[in-house]
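Quick look at protein12.txt (compact mmCIF, C-alpha atoms):
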# COMPACT_ATOMS: atom_id res chain seq x y z
CA MET A 74 5.62 8.21 0.79
CA ILE A 75 8.65 9.87 -0.79
CA ARG A 76 6.46 12.59 -2.26
CA LEU A 77 4.82 13.26 1.12
CA THR A 78 8.22 13.50 2.80
CA GLN A 79 9.45 15.89 0.10
CA PHE A 80 6.32 18.01 0.49
CA LEU A 81 6.71 18.29 4.26
CA THR A 82 10.39 19.14 3.94
CA ALA A 83 9.63 21.85 1.40
CA LEU A 84 6.88 23.27 3.62
CA LEU A 85 9.17 23.54 6.63
CA CYS A 86 11.83 25.27 4.54
CA LEU A 87 9.49 27.96 3.24
CA PRO A 88 10.47 31.47 4.46
CA GLY A 89 8.19 32.52 7.30
CA ALA A 90 6.67 29.06 7.70
CA ALA A 91 4.02 29.38 10.41
CA LEU A 92 5.33 26.36 12.29
CA ALA A 93 8.68 28.10 12.83
CA VAL A 94 7.40 31.35 14.34
CA PRO A 95 7.70 31.32 18.14
CA ALA A 96 4.64 31.86 20.33
CA VAL A 97 5.39 35.04 22.28
CA VAL A 98 3.66 36.48 25.34
CA ALA A 99 4.32 40.08 26.43
CA ASP A 100 3.47 41.54 29.80
CA ALA A 101 2.21 45.01 28.82
CA PRO A 102 1.14 47.05 25.77
CA VAL A 103 4.48 48.86 25.37
CA THR A 104 6.41 45.59 25.54
CA ALA A 105 4.04 43.98 23.07
CA SER A 106 4.48 46.93 20.72
CA LEU A 107 8.24 46.41 20.60
CA VAL A 108 7.75 42.69 19.96
CA ALA A 109 5.16 43.38 17.25
CA ALA A 110 7.57 45.73 15.47
CA VAL A 111 10.20 42.99 15.35
CA MET A 112 7.84 40.17 14.35
CA GLY A 113 6.19 42.21 11.63
CA GLU A 114 3.97 40.13 9.37
CA LEU A 115 5.29 36.86 10.78
CA GLY A 116 3.10 36.99 13.85
CA ALA A 117 2.02 38.95 16.91
CA PRO A 118 2.51 38.53 20.65
CA GLN A 119 -0.26 37.92 23.14
CA THR A 120 -0.48 40.79 25.64
CA LEU A 121 -1.40 40.08 29.25
CA VAL A 122 -2.28 43.64 30.34
CA GLY A 123 -5.30 44.82 28.41
CA ALA A 124 -6.56 48.29 27.52
CA GLY A 125 -7.26 50.43 30.55
CA GLN A 126 -5.57 48.01 32.99
CA ASP A 127 -2.76 48.95 35.36
CA ALA A 128 0.39 46.96 34.53
CA HIS A 129 1.54 47.12 38.16
CA ASP A 130 -1.32 44.97 39.39
CA LEU A 131 -3.03 42.15 37.48
CA GLN A 132 -4.59 38.79 38.24
CA LEU A 133 -3.90 36.28 35.47
CA ARG A 134 -6.92 34.61 33.91
CA PRO A 135 -6.77 30.82 33.35
CA SER A 136 -6.47 31.36 29.59
CA GLN A 137 -3.49 33.66 30.11
CA ALA A 138 -1.80 31.18 32.44
CA SER A 139 -2.31 28.53 29.78
CA ALA A 140 -0.79 30.79 27.11
CA LEU A 141 2.27 31.29 29.29
CA ARG A 142 2.70 27.55 29.72
CA ARG A 143 2.63 27.09 25.93
CA ALA A 144 4.76 30.12 25.11
CA ASP A 145 8.17 29.79 23.50
CA LEU A 146 9.14 33.20 24.86
CA LEU A 147 7.94 35.62 27.54
CA VAL A 148 9.08 39.21 27.00
CA TRP A 149 8.53 41.36 30.06
CA VAL A 150 9.91 44.55 31.57
CA GLY A 151 10.84 42.82 34.81
CA PRO A 152 9.59 42.20 38.36
CA GLN A 153 9.92 45.88 39.24
CA MET A 154 7.06 46.66 36.82
CA THR A 155 4.94 43.52 36.57
CA GLY A 156 5.81 41.76 39.81
CA TRP A 157 2.74 39.52 39.53
CA LEU A 158 4.67 37.66 36.80
CA ASP A 159 7.80 37.08 38.87
CA GLY A 160 6.99 33.54 39.96
CA THR A 161 5.80 32.55 36.49
CA ALA A 162 8.98 33.90 34.89
CA ASP A 163 11.12 31.96 37.36
CA ALA A 164 9.17 28.77 36.64
CA MET A 165 9.54 29.21 32.87
CA GLY A 166 13.33 29.39 33.16
CA THR A 167 15.85 31.77 31.63
CA ASP A 168 15.80 30.01 28.25
CA ARG A 169 12.15 31.02 27.71
CA VAL A 170 12.23 34.52 29.21
CA LEU A 171 13.61 37.87 28.07
CA THR A 172 13.71 40.40 30.93
CA LEU A 173 14.16 43.79 29.31
CA LEU A 174 15.52 45.60 32.38
CA ASP A 175 18.32 43.01 32.46
CA VAL A 176 19.41 43.56 28.85
CA PRO A 177 23.08 44.64 28.98
CA GLY A 178 23.51 48.34 28.30
CA THR A 179 20.03 49.33 29.47
CA ARG A 180 20.08 52.79 31.03
CA LEU A 181 18.52 52.48 34.49
CA ARG A 182 17.45 54.93 37.16
CA ASP A 183 17.14 54.27 40.85
CA ALA A 184 13.60 54.63 42.12
CA ALA A 185 14.88 57.51 44.27
CA GLY A 186 15.91 59.38 41.11
CA GLY A 187 19.57 58.51 40.59
CA SER A 188 20.94 57.10 37.34
CA ASP A 189 23.14 54.15 36.51
CA HIS A 190 23.82 54.46 32.79
CA GLY A 191 24.74 51.38 30.82
CA HIS A 192 23.74 48.96 33.56
CA GLY A 193 21.19 46.21 32.88
CA ASP A 194 23.16 43.27 34.28
CA GLY A 195 20.94 42.45 37.21
CA ASP A 196 23.01 43.61 40.22
CA HIS A 197 20.45 46.12 41.52
CA ALA A 198 17.90 45.02 44.08
CA HIS A 199 14.50 44.63 42.44
CA GLY A 200 12.82 47.30 44.54
CA HIS A 201 15.43 49.99 43.84
CA ILE A 202 15.02 50.32 40.08
CA ASP A 203 12.57 52.70 38.43
CA PRO A 204 10.91 50.28 35.98
CA HIS A 205 9.61 52.82 33.43
CA ALA A 206 12.79 52.49 31.36
CA TRP A 207 11.03 52.39 27.97
CA LEU A 208 10.44 56.15 28.32
CA ASP A 209 14.09 56.60 27.34
CA PRO A 210 14.06 55.76 23.61
CA THR A 211 17.72 54.75 23.89
CA ASN A 212 16.44 51.76 25.83
CA GLY A 213 13.65 51.16 23.34
CA ALA A 214 16.20 50.88 20.53
CA LEU A 215 18.36 48.50 22.54
CA TRP A 216 15.38 46.34 23.45
CA LEU A 217 14.23 46.07 19.83
CA GLN A 218 17.59 44.53 18.98
CA ALA A 219 17.49 42.22 22.00
CA ILE A 220 14.02 41.00 21.03
CA ALA A 221 15.22 40.36 17.48
CA GLU A 222 18.10 38.23 18.75
CA ALA A 223 15.83 36.33 21.15
CA LEU A 224 13.47 35.48 18.29
CA ALA A 225 16.30 34.71 15.87
CA SER A 226 17.80 32.21 18.31
CA ARG A 227 14.47 30.35 18.38
CA ASP A 228 13.63 30.71 14.67
CA ALA A 229 16.76 30.69 12.52
CA ALA A 230 14.78 30.57 9.27
CA ASN A 231 13.26 33.99 9.99
CA ALA A 232 16.29 35.52 11.73
CA PRO A 233 17.08 37.93 8.84
CA THR A 234 13.50 39.23 8.93
CA TYR A 235 13.53 39.82 12.69
CA ARG A 236 16.84 41.66 12.46
CA ALA A 237 15.75 43.75 9.48
CA ASN A 238 12.48 44.68 11.20
CA ALA A 239 14.36 45.69 14.34
CA ALA A 240 16.82 47.79 12.33
CA ASN A 241 13.96 49.59 10.57
CA ALA A 242 12.20 50.24 13.87
CA VAL A 243 15.41 51.56 15.43
CA GLU A 244 15.92 53.92 12.49
CA SER A 245 12.35 55.22 12.75
CA LEU A 246 12.74 55.64 16.50
CA ALA A 247 15.93 57.68 16.03
CA ALA A 248 14.10 60.02 13.64
CA LEU A 249 11.23 60.39 16.12
CA ASP A 250 13.66 61.05 18.95
CA ALA A 251 15.29 63.89 16.99
CA ARG A 252 11.88 65.46 16.35
CA LEU A 253 10.89 65.22 20.00
CA GLN A 254 14.19 66.74 21.13
CA ALA A 255 13.42 69.79 18.99
CA GLN A 256 9.77 69.87 20.04
CA LEU A 257 10.60 69.83 23.76
CA ALA A 258 13.49 72.30 23.64
CA PRO A 259 11.27 75.32 24.42
CA VAL A 260 9.96 73.74 27.66
CA ARG A 261 13.24 72.52 29.15
CA GLY A 262 12.92 74.97 32.04
CA LEU A 263 9.34 73.95 32.80
CA ARG A 264 8.38 72.56 36.21
CA PHE A 265 5.31 70.34 36.22
CA VAL A 266 3.46 68.04 38.59
CA VAL A 267 2.52 64.40 37.94
CA ALA A 268 0.46 61.79 39.75
CA HIS A 269 3.38 59.46 40.50
CA ASP A 270 7.08 59.17 39.83
CA ALA A 271 7.03 57.48 36.42
CA PHE A 272 8.63 60.04 34.11
CA GLY A 273 12.26 60.32 35.18
CA TYR A 274 13.59 58.48 32.13
CA PHE A 275 11.66 60.81 29.85
CA THR A 276 12.72 64.01 31.59
CA ASP A 277 16.34 62.85 31.85
CA HIS A 278 16.57 61.94 28.18
CA TYR A 279 14.97 65.13 26.89
CA GLY A 280 16.71 67.48 29.30
CA LEU A 281 13.52 68.49 31.09
CA ARG A 282 13.40 69.51 34.72
CA PRO A 283 12.35 66.60 36.96
CA ALA A 284 8.62 66.34 37.50
CA LEU A 285 7.27 66.93 40.97
CA ALA A 286 5.50 63.65 41.85
CA VAL A 287 2.49 63.56 44.16
CA ALA A 288 3.25 59.89 44.94
CA SER A 289 6.88 58.78 44.89
CA GLY A 290 7.90 55.22 44.01
CA GLY A 291 4.61 53.41 43.62
CA ALA A 292 1.22 55.05 43.36
CA ALA A 293 0.50 55.13 47.10
CA THR A 294 -1.62 58.03 48.35
CA PRO A 295 0.60 60.55 50.20
CA GLY A 296 -0.09 61.38 53.82
CA ALA A 297 -0.84 64.80 55.30
CA ALA A 298 2.82 65.64 55.86
CA ARG A 299 3.67 64.77 52.27
CA LEU A 300 0.80 66.90 50.99
CA THR A 301 2.01 69.85 53.04
CA GLY A 302 5.53 69.37 51.71
CA LEU A 303 4.29 69.17 48.14
CA ARG A 304 2.41 72.42 48.49
CA ARG A 305 5.56 74.09 49.78
CA GLU A 306 7.50 72.73 46.82
CA LEU A 307 4.84 73.99 44.45
CA ALA A 308 5.10 77.47 45.89
CA ALA A 309 8.91 77.41 45.74
CA THR A 310 9.35 75.98 42.26
CA GLY A 311 6.61 77.76 40.36
CA ALA A 312 5.23 74.69 38.62
CA ALA A 313 3.10 75.67 35.64
CA CYS A 314 1.04 72.52 34.98
CA ALA A 315 -0.20 69.38 36.67
CA PHE A 316 -0.93 66.22 34.72
CA PRO A 317 -3.11 63.36 35.96
CA GLU A 318 -2.16 59.85 34.82
CA ALA A 319 -4.18 57.21 33.03
CA ASN A 320 -5.38 54.45 35.38
CA HIS A 321 -4.69 56.58 38.47
CA ASP A 322 -7.18 58.51 40.59
CA ALA A 323 -6.74 62.23 39.94
CA ALA A 324 -8.32 63.27 43.25
CA THR A 325 -5.06 63.57 45.23
CA LEU A 326 -3.30 65.55 42.51
CA THR A 327 -6.31 67.88 42.28
CA THR A 328 -6.21 68.38 46.05
CA VAL A 329 -2.49 69.21 45.98
CA VAL A 330 -2.80 71.93 43.33
CA GLU A 331 -6.12 73.35 44.53
CA GLY A 332 -5.90 77.11 44.95
CA SER A 333 -2.39 77.29 43.45
CA GLY A 334 -3.39 78.58 40.04
CA ILE A 335 -1.59 75.66 38.39
CA ALA A 336 -3.25 74.50 35.18
CA ILE A 337 -4.43 70.87 35.17
CA GLY A 338 -3.68 69.31 31.81
CA PRO A 339 -4.78 66.10 30.07
CA PRO A 340 -3.77 62.74 31.58
CA LEU A 341 -0.38 61.28 30.70
CA ASP A 342 -0.34 57.64 29.61
CA PRO A 343 3.21 56.28 30.02
CA GLU A 344 2.08 52.66 29.56
CA GLY A 345 0.03 53.25 26.41
CA SER A 346 -3.01 51.66 28.05
CA GLY A 347 -5.42 53.84 26.09
CA LEU A 348 -3.73 53.52 22.69
CA GLU A 349 -4.35 51.17 19.79
CA PRO A 350 -2.22 48.02 20.22
CA GLY A 351 0.45 47.21 17.68
CA PRO A 352 3.92 48.25 16.55
CA GLN A 353 3.03 51.97 16.50
CA LEU A 354 1.93 52.06 20.15
CA TYR A 355 5.44 52.56 21.55
CA PRO A 356 6.35 55.59 19.42
CA ALA A 357 2.82 56.92 20.01
CA VAL A 358 3.45 56.85 23.78
CA LEU A 359 6.54 59.05 23.37
CA GLU A 360 4.78 61.38 20.93
CA ALA A 361 1.78 61.80 23.23
CA LEU A 362 3.94 62.59 26.27
CA ALA A 363 5.88 65.19 24.30
CA ALA A 364 2.71 66.79 22.91
CA THR A 365 1.03 66.98 26.31
CA ILE A 366 4.01 68.25 28.28
CA GLY A 367 5.06 70.55 25.48
CA GLY A 368 1.58 72.07 25.44
CA CYS A 369 1.84 73.34 29.00
CA PRO A 370 1.42 77.14 29.07
CA GLN A 371 4.52 78.95 30.32
CA GLN A 372 4.22 81.17 33.36
Exercise: express the given structure as structure tokens:
Amino acid sequence: MIRLTQFLTALLCLPGAALAVPAVVADAPVTASLVAAVMGELGAPQTLVGAGQDAHDLQLRPSQASALRRADLLVWVGPQMTGWLDGTADAMGTDRVLTLLDVPGTRLRDAAGGSDHGHGDGDHAHGHIDPHAWLDPTNGALWLQAIAEALASRDAANAPTYRANAANAVESLAALDARLQAQLAPVRGLRFVVAHDAFGYFTDHYGLRPALAVASGGAATPGAARLTGLRRELAATGAACAFPEANHDAATLTTVVEGSGIAIGPPLDPEGSGLEPGPQLYPAVLEALAATIGGCPQQ
């Protein structure tokens, strides 16, 4: 009996013991990528939004609901992005949930386009925040550290590993950010058109001119008056390119730019829904946006 007790004690004290690693559920591919970077070889999160799915709208399967009930930690962007998780997150309680938009210091934008730098303390109304905050890599770096601390508080034995993984990911992200700043410098005066208003964090951070969005706020189809206004804006601003968006119908965007001479480029994928899951998905999202936007021919 003594030997068995000693064996079990030794097993639980082993670095990275499987029993100590928290079960983590992430709402979307980008969120899961950040978690995966921090967990490293210790484990991987379960992602609710699968490849090709729209993170704004999802119906949970019974197996996913069960995973959430068993989870030690839910990491999600927040109700502004994945509102279908709002009730579940409330039921799980604050001790089992990390809401990334509420992380102190997160740089937030109003859905109307304004900024509130260094916010992230929850005093904005849910509907007024642009939820695509991961497209500012400053936020990505902050969230990596917040995820590391959330995991460390639940798994003290592996806390040094989580923190070291986060630090390495932050360092790599800073190097990527510097490369993208240089890559995008030649197109800082570019005007371009997008399917919906999801890219303000990216354009703000990299000093690009704001994108002209066919659908503002959500992805609702614009009415006739909005289409007429967009065409006037196109004529006035001299937009060079229009980019459809993954998981969104390109028909409206095509209608808006028809006859304008504006080049239609490849789809943008701000959520990484078409990328390989894992720790490299988040930096790949930023790289792909920079490559696509930076490839727009100048007029």
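Residues surrounding range 282-286 of chain A within 9 Å are Val260, Arg261, Gly262, Leu263, Arg264, Phe265, Val266, Val267, Ala268, His269, Asp270, Ala271, Phe272, Gly273, Thr276, Asp277, Leu303, Glu306, Leu307, Ala312 and Ala315 of chain A [all atoms listed in the file; sequence separation below 4 positions excluded].
Each of A:Thr365, A:Ser139, A:Ser106, A:Gln126 was compared to Trp216 in chain A using all atoms listed in the file, and A:Ser106 turns out to be the nearest.
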Any idea what's packed within 9 Å of Ala240 in chain A, counting all atoms listed in the file, ignoring anything in its chain fewer than 5 positions away? Could you give it as a list in words? Val111, Ala214, Leu217, Gln218, Tyr235 and Ser245 of chain A
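Here CA of Arg169 in chain A stands at a distance of 18.6 Å from CA of Ala230 in chain A.
With only C-alpha atoms as the atoms that count, the minimum distance from Asn212 in chain A to the choices A:Gln132, A:Thr104, A:Ser346, A:Gln256 is reached by A:Thr104.
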Report as a Markdown table: every residue of range 208-276 of chain A with an atom at most 12 Å from range 145-168 of chain A, its closest pair of atoms, and their distance in Å to one decimal, counting all atoms listed in the file, with rows sorted by chain and ascending residue number.
| residue | atom | partner | partner_atom | distance |
| --- | --- | --- | --- | --- |
| A:Asn212 | CA | A:Val150 | CA | 11.3 |
| A:Gly213 | CA | A:Val150 | CA | 11.2 |
| A:Trp216 | CA | A:Val150 | CA | 10.0 |
| A:Leu217 | CA | A:Val148 | CA | 11.2 |
| A:Ala219 | CA | A:Val148 | CA | 10.2 |
| A:Ile220 | CA | A:Val148 | CA | 8.0 |
| A:Ala221 | CA | A:Val148 | CA | 11.4 |
| A:Glu222 | CA | A:Leu146 | CA | 12.0 |
| A:Ala223 | CA | A:Leu146 | CA | 8.3 |
| A:Leu224 | CA | A:Leu146 | CA | 8.2 |
| A:Ala225 | CA | A:Leu146 | CA | 11.6 |
| A:Ser226 | CA | A:Asp168 | CA | 10.4 |
| A:Arg227 | CA | A:Asp145 | CA | 8.1 |
| A:Asp228 | CA | A:Asp145 | CA | 10.4 |
| A:Ala271 | CA | A:Met154 | CA | 10.8 |
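Minimum atom-to-atom distances from A:Gly338, A:Pro102, A:Pro352, A:Pro177 to Thr120 in chain A were compared using only C-alpha atoms, and the lowest value belongs to A:Pro102.
Distance annotation: of A:Leu249, A:Ala308, A:Ala288, A:Leu121, the residue with the minimal separation from Leu133 in chain A is A:Leu121; atom set is all atoms listed in the file.
Note that CA of Leu341 in chain A and CA of Ala323 in chain A are 11.3 Å apart.
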Set the distance at 10 Å and use all atoms listed in the file: which residues neighbour range 296-301 of chain A once local chain neighbours fewer than 2 positions away are removed? I'd like the list as a PyMOL selection string. chain A and resi 287-288+293-294+303-307+325-326+328-330
Looking at only C-alpha atoms, which of A:Thr179, A:Gln119, A:Gln137, A:Thr310 is the one that sits closest to Tyr274 in chain A?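 When distances to Tyr274 in chain A are compared using only C-alpha atoms, the smallest one comes from A:Thr179.
The coordinates place CA of Leu215 in chain A at 7.7 Å from CA of Gly178 in chain A.
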Determine the nearest neighbour of Asp127 in chain A from the options A:Asp100, A:Gln353, A:Arg143, A:Gly332, counting all atoms listed in the file.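 Nearest to Asp127 in chain A: A:Asp100.
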Residues within 10 Å of range 355-360 of chain A, all atoms listed in the file, excluding chain neighbours under 6 positions, as a PyMOL selection string: chain A and resi 102-107+110+207-210+213+242+245-246+249-250+252-253+256+275+341-349
For Asp203 in chain A, work out the shell of residues within 7 Å, counting all atoms listed in the file and skipping chain neighbours fewer than 4 positions away, then give it as a list in words. Arg182, Asp183 and Ala184 of chain A
